[in-house]
Number of protein chains: 4
Amino acid sequence: MSASTTPIPTRWVGPLHLSGNAVEGPVEVPLATYETPLWPSVGRGAKISRLVEGGIHAQVVGERMTRSSLFVARDAAGAHRAVTAIRGRFAELQEVVAGQSRFARLEEIHEEIVGNLLYLRFALTTGDASGHNMVTQAADALMGTILGWDLGLSYGSVSGNFCSDKKATAVNGILGRGKHVIADILIPHDIVETHLRTTAAQVTELVVQKNLVGSTIAGALRSANAHYANMLLGIYLATGQDAANIVEGSQGITYAETREEGLYFSCSLPHLIVGTVGNGKNLPAVEEAMVRLGCREDREPGGNARRLAAITAATVLCGELSLLAAQTNPGELMRAHVALER
Amino acid sequence: MSASTTPIPTRWVGPLHLSGNAVEGPVEVPLATYETPLWPSVGRGAKISRLVEGGIHAQVVGERMTRSSLFVARDAAGAHRAVTAIRGRFAELQEVVAGQSRFARLEEIHEEIVGNLLYLRFALTTGDASGHNMVTQAADALMGTILGWDLGLSYGSVSGNFCSDKKATAVNGILGRGKHVIADILIPHDIVETHLRTTAAQVTELVVQKNLVGSTIAGALRSANAHYANMLLGIYLATGQDAANIVEGSQGITYAETREEGLYFSCSLPHLIVGTVGNGKNLPAVEEAMVRLGCREDREPGGNARRLAAITAATVLCGELSLLAAQTNPGELMRAHVALER
Amino acid sequence: MSASTTPIPTRWVGPLHLSGNAVEGPVEVPLATYETPLWPSVGRGAKISRLVEGGIHAQVVGERMTRSSLFVARDAAGAHRAVTAIRGRFAELQEVVAGQSRFARLEEIHEEIVGNLLYLRFALTTGDASGHNMVTQAADALMGTILGWDLGLSYGSVSGNFCSDKKATAVNGILGRGKHVIADILIPHDIVETHLRTTAAQVTELVVQKNLVGSTIAGALRSANAHYANMLLGIYLATGQDAANIVEGSQGITYAETREEGLYFSCSLPHLIVGTVGNGKNLPAVEEAMVRLGCREDREPGGNARRLAAITAATVLCGELSLLAAQTNPGELMRAHVALER
Amino acid sequence: MSASTTPIPTRWVGPLHLSGNAVEGPVEVPLATYETPLWPSVGRGAKISRLVEGGIHAQVVGERMTRSSLFVARDAAGAHRAVTAIRGRFAELQEVVAGQSRFARLEEIHEEIVGNLLYLRFALTTGDASGHNMVTQAADALMGTILGWDLGLSYGSVSGNFCSDKKATAVNGILGRGKHVIADILIPHDIVETHLRTTAAQVTELVVQKNLVGSTIAGALRSANAHYANMLLGIYLATGQDAANIVEGSQGITYAETREEGLYFSCSLPHLIVGTVGNGKNLPAVEEAMVRLGCREDREPGGNARRLAAITAATVLCGELSLLAAQTNPGELMRAHVALER
């Protein structure tokens, strides 16, 4: 093996003007990407945010990290008996997790029985860490404890794919994984027309016809957007995240309304996996980005990670808005690409 | 905006021993990732490939790139009349595409009508380019031509999300997008036991219980694997790909069988989006990686890209095999992470 | 075993006023159901159709029946070699099918390889029969022929679930199964307001917020409607269909637009499985229903089945429109149920 | 409108030998269907149940009925504030529901915010009723109460498709709707070979290759079975259920293992919608069926419905086992159909 680094072209875009329950004020965001037209695209959205009172509002409405473990029983009745016992000893399991890290807390266990197979999905809060390792370690310990209870279960796998990590599934959106953030903005009609060269009605219609109906016929799963994955990749790479989590991060919903006051535009991201500490976060470039993003401040546990999640969702909104506006006009998308890549 | 680069830790792993219709012989592969335990994990799979006659076999069984455009008719009857006319003039549309690039060829148009909305999904072969821009440019031109035919259609969007790009959907697997590659290997039992510390029966069982059943209850879509996204991200970043395409790349199926001769293990990736030319491919680090991967040779059009796709699929197999083997043993996964990240 | 019948309450509703490429004029439709509020609900939609010039337009845009067979190869390369050979002998396979029934015609084979497994999805046109048995019989014969070619394949299963029958999947919508029908109507604003007690804007908004966004968060698959299954069940039972096919029939998309002229409302049903001959169609009650529906006329092959499909789609539209209109008003749905069930 | 009934051919099959937490002993089951080969198919499974100690075990592991209502806020922050307030007044909402019916109890509210849209999914237990009307009525009342709290919300729809009723979605399996039942059986090898003309290994392999892998490539959603819908339709029609609920009922998972003692075979049905009282249940034929099924006994609330759910799941297992066994043998399925339909 030979060690080195791959340099990914990176720019800071913005500032975005932000408000909400996890961030307030102007923030510049770094985007590391080979797809450099992303920079002006997000930049155009950021400009809109600066023109609108309050900018983009980002609301963090939930957070957790999960790991599902697989146990094998003799039959469904055995699995059911075991899960009933496990539910009754939830407090003991919480102590097991609490004993592992002062930031980890077991919030919920969700089970599913398939034949004789028992899947337990452990949900934890993990402070400022995204929590991949914390939940795996917790699952290891929880499995040990549960297997020690002699409930007729045997080891299946520490991860049973009901977690689910870096796969496009429905469970994460419904039960939660990572941060759940909704970013929205209300843009006066004149700004839509002048700076996005479109109208609220055109954007609203495109959101329905492309993001909702088009995604439906494509067979999309809990997903109705144009390109969340692009913005997520850019900010994930620049901030040392496990960028493979853009897989589930890409599942989110753009929803717009034409109102008398202007265009209401929102991006809902139910499972943003981000952290400000942990694996990859102590590399110099990442450290520097975190400081500049204001994510190295002294906040309550999880506060820096929530800030990063809110910033990320707002960045997604900028890029999504800009692309959709462009696609309402024939030829605009390609002209922009051609101009930028030369 | 300020420009710089984000350095992603990168190692070359292997060599993998490969065979198949697009690559033959030993190949080292670069993995750019913050999740450094990936290196020894893929490395362990690579070692297995060197111990087995023929190594990993990677079969490229299809290739294309797509873009779907949205047209708006007055009603369903109008959309149907239009699509009937369009089908009848397919040869003209092929000429439009051929006139744009000598590497682009229109292979198929797949349509769907929803009410008065008409979605046309254009499928092209694009030589050694992954083809994102080539298909957008083609779609622009095709839309122009079709709208010029006065079929009662108006412009909806150059991209109607039926493509679909960087979203988890079902359409790409069923109709194809990118390279369709299947990697497989038959590993003698003694090698499974000595080098993977497990048995064929245990791996086969875990593939069913975790990848197939576990993914099913998670509500996965055309996806049954442990962590394809990790390997894809590593190799995509190191080779200048548009790494947001790991979203759909992550949808693939691991299938295993316990045979008398050993463990049959396969990874099927129906929509690997890779290219060896185009956007991001001329950066020095990427150029260097391409040369070392043997993807800068003088081959028939598309040959270098198919080689890269085959290598990528085999790399996915290495990491998938290694992780699944580890998860058959209680505690092994976490111990490996802890050891490696210190 | 003791034999008897279960009597399902049945009413003829309508007439619906219909137009399109498979039906023209007024048609009454039978609905067999325990959920009797369905009758006035569909009846209200039917009334709308009689008030609008041209009524409901139903466009049949495709038809086929499918069965997928599973073959087992030694490895992916073997499966690929086999499928290449099979593609080259498509004409021979067409003859095999043609030799079985003068109504059966092999239109397409769609394949997918997963590891060493080869799934071949055979698509046939089957005249006026829905074609379940015809395709199973054809698949049996095709498997026999293919296995006789010594391509290194062995028998897996005559049905490999890639068909797919009576399961909610994405493949049927994308590749087709049954009749693909779109029903639509343009309702003047005054009729919307007087007879549906709502507005075009309210219906359009509800279609987006409930059918599209609500279905998306529910994790729906290629499906965005309120209750297609209810109408399908009613008409399927009354016409001797295999009513378990409402499973895939329920997957369809309601799309609406508020236009200057009124409410544009459409129901797209990509995989309606209906037939007018075959199993269950010669029972007296069914025979009588077929006659009354005009589906026992002397038409070109498939013409009666297409007529039935068009009528079915229009019936779906009636019930869907009526329920959505009701749900725009607080309390209306429940009041209607309470009134009707007493 | 003209009133009548549609007679569906019906037979009682069995008896099935059953055990579990909701039923014990022999039970015959009625199947109303046009697809008469279903009778001997389920009959063969029933025979197996009589040959095995304990027969089929059916475990009811959960129950609830749901309705999701849609509220519209001004923006995401407003929706979040509202939902926080609603969560804090859960006990008041429970009282609203309790005041409506002595069988209805509000168990849980699950929310999701998309932009400014707030979806609340109310989960109730509903005694022996399947509960469609009970939850709609409850949702009406709950909406009235919540809208009266002046939280800045307005009425969207009493049903927001996040319920979800008669649609194939992921939410019902993950959060529950209807009865969650797992049926399983362990069949000695000699019985498998003599009475099913196959082997445990062949059945296990087919379950993987067809139900799991085949369904995956078909793009199935939380579903891996051969034909649950057929058995569900038969028993639903014969017992006065709202048979359109076979749509979600069809989503379930068959899982099998080859063990030293024989074939372990299971059918997991996470959302069986059945009731023994309510709409359609007082028709004479239904009443008679309920009595014969032992579902008109004096049991604790919900006990008759759980019994019916357990019987239904076991019936599904009989038909699933029989069909899969048949499909392991080339030609057997078609020969059976041909023989039976003549």
# chains A, B, ... in the order shown; residues from 1 in each chain; ligands from 1
call {"tool": "interface_residues", "arguments": {"of": "chain D", "to": "chain C", "cutoff": "6 Å", "atoms": "only C-alpha atoms", "output": "ChimeraX atom specification"}}
result
/D:1-13,34,157,160-162,168-171,210,214-215,218-220,229-230,244,247,280,327
call {"tool": "closest_atom_pairs", "arguments": {"of": "range 2-79 of chain B", "to": "range 183-192 of chain B", "cutoff": "7 Å", "atoms": "only C-alpha atoms", "output": "Markdown table"}}
result
| residue | atom | partner | partner_atom | distance |
| --- | --- | --- | --- | --- |
| B:Val52 | CA | B:Ile187 | CA | 6.4 |
| B:Gly55 | CA | B:Ile185 | CA | 6.7 |
| B:Ile56 | CA | B:Ile185 | CA | 5.0 |
| B:His57 | CA | B:Asp184 | CA | 5.3 |
| B:Ala58 | CA | B:Ala183 | CA | 4.1 |
| B:Gln59 | CA | B:Ala183 | CA | 6.2 |
call {"tool": "write_last_selection", "arguments": {"atoms": "C-alpha atoms", "output": "PDB file, in the first residue's frame"}}
result
ATOM      1  CA  VAL B  52      -7.900 -18.207  -6.115  1.00  0.00           C
ATOM      2  CA  GLY B  55      -9.222 -14.355  -9.112  1.00  0.00           C
ATOM      3  CA  ILE B  56     -12.364 -12.278  -9.239  1.00  0.00           C
ATOM      4  CA  HIS B  57     -14.313 -12.499 -12.473  1.00  0.00           C
ATOM      5  CA  ALA B  58     -15.964  -9.239 -13.544  1.00  0.00           C
ATOM      6  CA  GLN B  59     -18.481  -9.403 -16.373  1.00  0.00           C
TER       7      GLN B  59
END
call {"tool": "atom_distance", "arguments": {"atom1": "CA of Val83 in chain D", "atom2": "CA of Leu147 in chain D"}}
result
12.0 Å
call {"tool": "atom_distance", "arguments": {"atom1": "CA of Met65 in chain D", "atom2": "CA of Thr125 in chain D"}}
result
6.1 Å
call {"tool": "residues_around", "arguments": {"residues": "Val23 in chain B", "least_positions_apart": "4", "cutoff": "12 Å", "atoms": "only C-alpha atoms", "output": "ChimeraX atom specification"}}
result
/B:16-19,27,54-60,181,183,293-295,299,303-314
call {"tool": "write_last_selection", "arguments": {"atoms": "N, CA, C and O atoms", "output": "compact mmCIF listing (two decimals), in the first residue's frame"}}
result
# COMPACT_ATOMS: atom_id res chain seq x y z
N LEU B 16 -5.52 -6.75 -6.86
CA LEU B 16 -6.60 -7.69 -7.07
C LEU B 16 -6.25 -8.52 -8.31
O LEU B 16 -5.74 -7.98 -9.29
N HIS B 17 -6.53 -9.82 -8.25
CA HIS B 17 -6.37 -10.63 -9.46
C HIS B 17 -7.72 -10.73 -10.15
O HIS B 17 -8.70 -11.16 -9.55
N LEU B 18 -7.75 -10.30 -11.40
CA LEU B 18 -9.02 -10.13 -12.09
C LEU B 18 -9.07 -10.88 -13.42
O LEU B 18 -8.05 -11.07 -14.08
N SER B 19 -10.27 -11.28 -13.79
CA SER B 19 -10.50 -11.81 -15.12
C SER B 19 -11.88 -11.34 -15.58
O SER B 19 -12.59 -10.70 -14.83
N VAL B 27 -4.35 -5.93 -10.67
CA VAL B 27 -4.57 -4.48 -10.70
C VAL B 27 -4.61 -3.95 -9.27
O VAL B 27 -5.31 -4.51 -8.42
N GLY B 54 -7.79 -17.61 -11.23
CA GLY B 54 -8.65 -16.71 -12.01
C GLY B 54 -9.07 -15.48 -11.24
O GLY B 54 -9.57 -14.51 -11.82
N GLY B 55 -8.89 -15.52 -9.93
CA GLY B 55 -9.22 -14.35 -9.11
C GLY B 55 -10.70 -14.01 -9.17
O GLY B 55 -11.55 -14.90 -9.24
N ILE B 56 -10.98 -12.73 -9.14
CA ILE B 56 -12.36 -12.28 -9.24
C ILE B 56 -12.71 -12.11 -10.71
O ILE B 56 -11.95 -11.49 -11.46
N HIS B 57 -13.85 -12.66 -11.10
CA HIS B 57 -14.31 -12.50 -12.47
C HIS B 57 -15.30 -11.33 -12.53
O HIS B 57 -16.25 -11.30 -11.74
N ALA B 58 -15.05 -10.38 -13.41
CA ALA B 58 -15.96 -9.24 -13.54
C ALA B 58 -16.52 -9.22 -14.95
O ALA B 58 -15.76 -9.12 -15.93
N GLN B 59 -17.84 -9.33 -15.05
CA GLN B 59 -18.48 -9.40 -16.37
C GLN B 59 -19.29 -8.12 -16.62
O GLN B 59 -20.20 -7.81 -15.85
N VAL B 60 -18.91 -7.39 -17.65
CA VAL B 60 -19.68 -6.20 -18.01
C VAL B 60 -20.79 -6.66 -18.97
O VAL B 60 -20.50 -7.19 -20.04
N VAL B 181 -22.43 -4.41 -14.23
CA VAL B 181 -21.30 -5.33 -14.03
C VAL B 181 -21.63 -6.33 -12.93
O VAL B 181 -22.21 -5.97 -11.90
N ALA B 183 -19.58 -9.07 -10.56
CA ALA B 183 -18.29 -9.63 -10.14
C ALA B 183 -18.56 -10.87 -9.31
O ALA B 183 -19.44 -10.86 -8.44
N LEU B 293 -4.07 2.53 -13.28
CA LEU B 293 -5.16 1.55 -13.39
C LEU B 293 -5.22 0.92 -14.78
O LEU B 293 -6.05 0.02 -15.02
N GLY B 294 -4.38 1.41 -15.70
CA GLY B 294 -4.42 0.87 -17.05
C GLY B 294 -5.59 1.39 -17.85
O GLY B 294 -6.04 0.75 -18.81
N CYS B 295 -6.11 2.54 -17.47
CA CYS B 295 -7.28 3.10 -18.14
C CYS B 295 -6.94 4.27 -19.05
O CYS B 295 -7.78 5.11 -19.37
N ARG B 299 -7.57 1.67 -26.56
CA ARG B 299 -8.55 0.59 -26.69
C ARG B 299 -9.69 1.04 -27.60
O ARG B 299 -9.80 2.20 -27.95
N GLY B 303 -13.67 1.13 -24.09
CA GLY B 303 -12.90 0.02 -23.49
C GLY B 303 -12.25 0.41 -22.18
O GLY B 303 -12.20 -0.40 -21.23
N ASN B 304 -11.72 1.62 -22.11
CA ASN B 304 -11.11 2.05 -20.85
C ASN B 304 -12.16 2.20 -19.75
O ASN B 304 -11.93 1.83 -18.60
N ALA B 305 -13.31 2.75 -20.10
CA ALA B 305 -14.37 2.92 -19.10
C ALA B 305 -14.89 1.57 -18.62
O ALA B 305 -15.17 1.38 -17.44
N ARG B 306 -15.04 0.62 -19.56
CA ARG B 306 -15.49 -0.71 -19.14
C ARG B 306 -14.46 -1.36 -18.22
O ARG B 306 -14.82 -2.03 -17.25
N ARG B 307 -13.17 -1.15 -18.54
CA ARG B 307 -12.13 -1.69 -17.66
C ARG B 307 -12.28 -1.11 -16.25
O ARG B 307 -12.23 -1.83 -15.26
N LEU B 308 -12.48 0.20 -16.19
CA LEU B 308 -12.61 0.84 -14.87
C LEU B 308 -13.86 0.33 -14.15
O LEU B 308 -13.84 0.11 -12.93
N ALA B 309 -14.93 0.12 -14.88
CA ALA B 309 -16.15 -0.40 -14.26
C ALA B 309 -15.91 -1.81 -13.70
O ALA B 309 -16.35 -2.14 -12.59
N ALA B 310 -15.20 -2.62 -14.46
CA ALA B 310 -14.92 -3.99 -14.01
C ALA B 310 -14.06 -3.97 -12.75
O ALA B 310 -14.31 -4.71 -11.79
N ILE B 311 -13.05 -3.11 -12.76
CA ILE B 311 -12.17 -2.99 -11.58
C ILE B 311 -12.99 -2.52 -10.37
O ILE B 311 -12.82 -3.02 -9.25
N THR B 312 -13.85 -1.57 -10.61
CA THR B 312 -14.67 -1.02 -9.52
C THR B 312 -15.55 -2.11 -8.91
O THR B 312 -15.65 -2.25 -7.68
N ALA B 313 -16.21 -2.88 -9.75
CA ALA B 313 -17.09 -3.93 -9.25
C ALA B 313 -16.30 -4.96 -8.45
O ALA B 313 -16.75 -5.44 -7.40
N ALA B 314 -15.11 -5.29 -8.92
CA ALA B 314 -14.28 -6.26 -8.19
C ALA B 314 -13.84 -5.69 -6.85
O ALA B 314 -13.75 -6.41 -5.85
call {"tool": "atom_distance", "arguments": {"atom1": "CA of Ser101 in chain A", "atom2": "CA of Arg87 in chain D"}}
result
29.3 Å
call {"tool": "select_by_dssp", "arguments": {"residues": "range 40-166 of chain D", "states": "helix (DSSP H, G or I)", "output": "PyMOL selection string"}}
result
chain D and resi 40-51+76-88+90-98+132-147
call {"tool": "closest_residue", "arguments": {"among": "D:Ala201, D:Leu38, D:Leu120, D:Leu323", "to": "Glu108 in chain D", "atoms": "only C-alpha atoms"}}
result
D:Leu120
call {"tool": "closest_residue", "arguments": {"among": "C:Ile174, C:Asp150, C:Leu269, C:Glu107", "to": "Arg121 in chain B", "atoms": "only C-alpha atoms"}}
result
C:Ile174
call {"tool": "decode", "arguments": {"residues": "range 194-206 of chain B", "atoms": "N, CA, C and O atoms", "output": "PDB file, in the first residue's frame"}}
result
ATOM      1  N   THR B 194      -9.320 -20.154   6.563  1.00  0.00           N
ATOM      2  CA  THR B 194      -8.033 -19.630   7.018  1.00  0.00           C
ATOM      3  C   THR B 194      -7.962 -18.109   6.921  1.00  0.00           C
ATOM      4  O   THR B 194      -7.529 -17.434   7.845  1.00  0.00           O
ATOM      5  N   HIS B 195      -8.391 -17.570   5.800  1.00  0.00           N
ATOM      6  CA  HIS B 195      -8.156 -16.141   5.556  1.00  0.00           C
ATOM      7  C   HIS B 195      -9.336 -15.243   5.897  1.00  0.00           C
ATOM      8  O   HIS B 195      -9.179 -14.039   6.071  1.00  0.00           O
ATOM      9  N   LEU B 196     -10.528 -15.835   5.954  1.00  0.00           N
ATOM     10  CA  LEU B 196     -11.690 -15.010   6.317  1.00  0.00           C
ATOM     11  C   LEU B 196     -12.226 -15.400   7.691  1.00  0.00           C
ATOM     12  O   LEU B 196     -13.178 -14.797   8.184  1.00  0.00           O
ATOM     13  N   ARG B 197     -11.628 -16.382   8.309  1.00  0.00           N
ATOM     14  CA  ARG B 197     -12.015 -16.850   9.650  1.00  0.00           C
ATOM     15  C   ARG B 197     -13.519 -17.112   9.766  1.00  0.00           C
ATOM     16  O   ARG B 197     -14.156 -16.753  10.749  1.00  0.00           O
ATOM     17  N   THR B 198     -14.098 -17.725   8.735  1.00  0.00           N
ATOM     18  CA  THR B 198     -15.518 -18.051   8.768  1.00  0.00           C
ATOM     19  C   THR B 198     -15.732 -19.277   7.896  1.00  0.00           C
ATOM     20  O   THR B 198     -14.754 -19.922   7.489  1.00  0.00           O
ATOM     21  N   THR B 199     -16.973 -19.617   7.627  1.00  0.00           N
ATOM     22  CA  THR B 199     -17.257 -20.737   6.729  1.00  0.00           C
ATOM     23  C   THR B 199     -18.186 -20.263   5.615  1.00  0.00           C
ATOM     24  O   THR B 199     -18.879 -19.254   5.751  1.00  0.00           O
ATOM     25  N   ALA B 200     -18.207 -21.016   4.547  1.00  0.00           N
ATOM     26  CA  ALA B 200     -19.096 -20.694   3.435  1.00  0.00           C
ATOM     27  C   ALA B 200     -20.541 -20.667   3.913  1.00  0.00           C
ATOM     28  O   ALA B 200     -21.321 -19.785   3.530  1.00  0.00           O
ATOM     29  N   ALA B 201     -20.904 -21.606   4.762  1.00  0.00           N
ATOM     30  CA  ALA B 201     -22.288 -21.678   5.234  1.00  0.00           C
ATOM     31  C   ALA B 201     -22.649 -20.435   6.031  1.00  0.00           C
ATOM     32  O   ALA B 201     -23.755 -19.892   5.889  1.00  0.00           O
ATOM     33  N   GLN B 202     -21.729 -19.976   6.860  1.00  0.00           N
ATOM     34  CA  GLN B 202     -22.015 -18.771   7.651  1.00  0.00           C
ATOM     35  C   GLN B 202     -22.188 -17.534   6.766  1.00  0.00           C
ATOM     36  O   GLN B 202     -23.063 -16.711   7.005  1.00  0.00           O
ATOM     37  N   VAL B 203     -21.328 -17.397   5.780  1.00  0.00           N
ATOM     38  CA  VAL B 203     -21.441 -16.239   4.887  1.00  0.00           C
ATOM     39  C   VAL B 203     -22.743 -16.308   4.094  1.00  0.00           C
ATOM     40  O   VAL B 203     -23.476 -15.314   3.973  1.00  0.00           O
ATOM     41  N   THR B 204     -23.042 -17.476   3.562  1.00  0.00           N
ATOM     42  CA  THR B 204     -24.269 -17.637   2.773  1.00  0.00           C
ATOM     43  C   THR B 204     -25.497 -17.295   3.613  1.00  0.00           C
ATOM     44  O   THR B 204     -26.413 -16.609   3.152  1.00  0.00           O
ATOM     45  N   GLU B 205     -25.490 -17.782   4.846  1.00  0.00           N
ATOM     46  CA  GLU B 205     -26.612 -17.518   5.738  1.00  0.00           C
ATOM     47  C   GLU B 205     -26.729 -16.017   6.054  1.00  0.00           C
ATOM     48  O   GLU B 205     -27.825 -15.462   6.076  1.00  0.00           O
ATOM     49  N   LEU B 206     -25.599 -15.372   6.291  1.00  0.00           N
ATOM     50  CA  LEU B 206     -25.639 -13.942   6.608  1.00  0.00           C
ATOM     51  C   LEU B 206     -26.124 -13.126   5.411  1.00  0.00           C
ATOM     52  O   LEU B 206     -26.862 -12.149   5.574  1.00  0.00           O
TER      53      LEU B 206
END
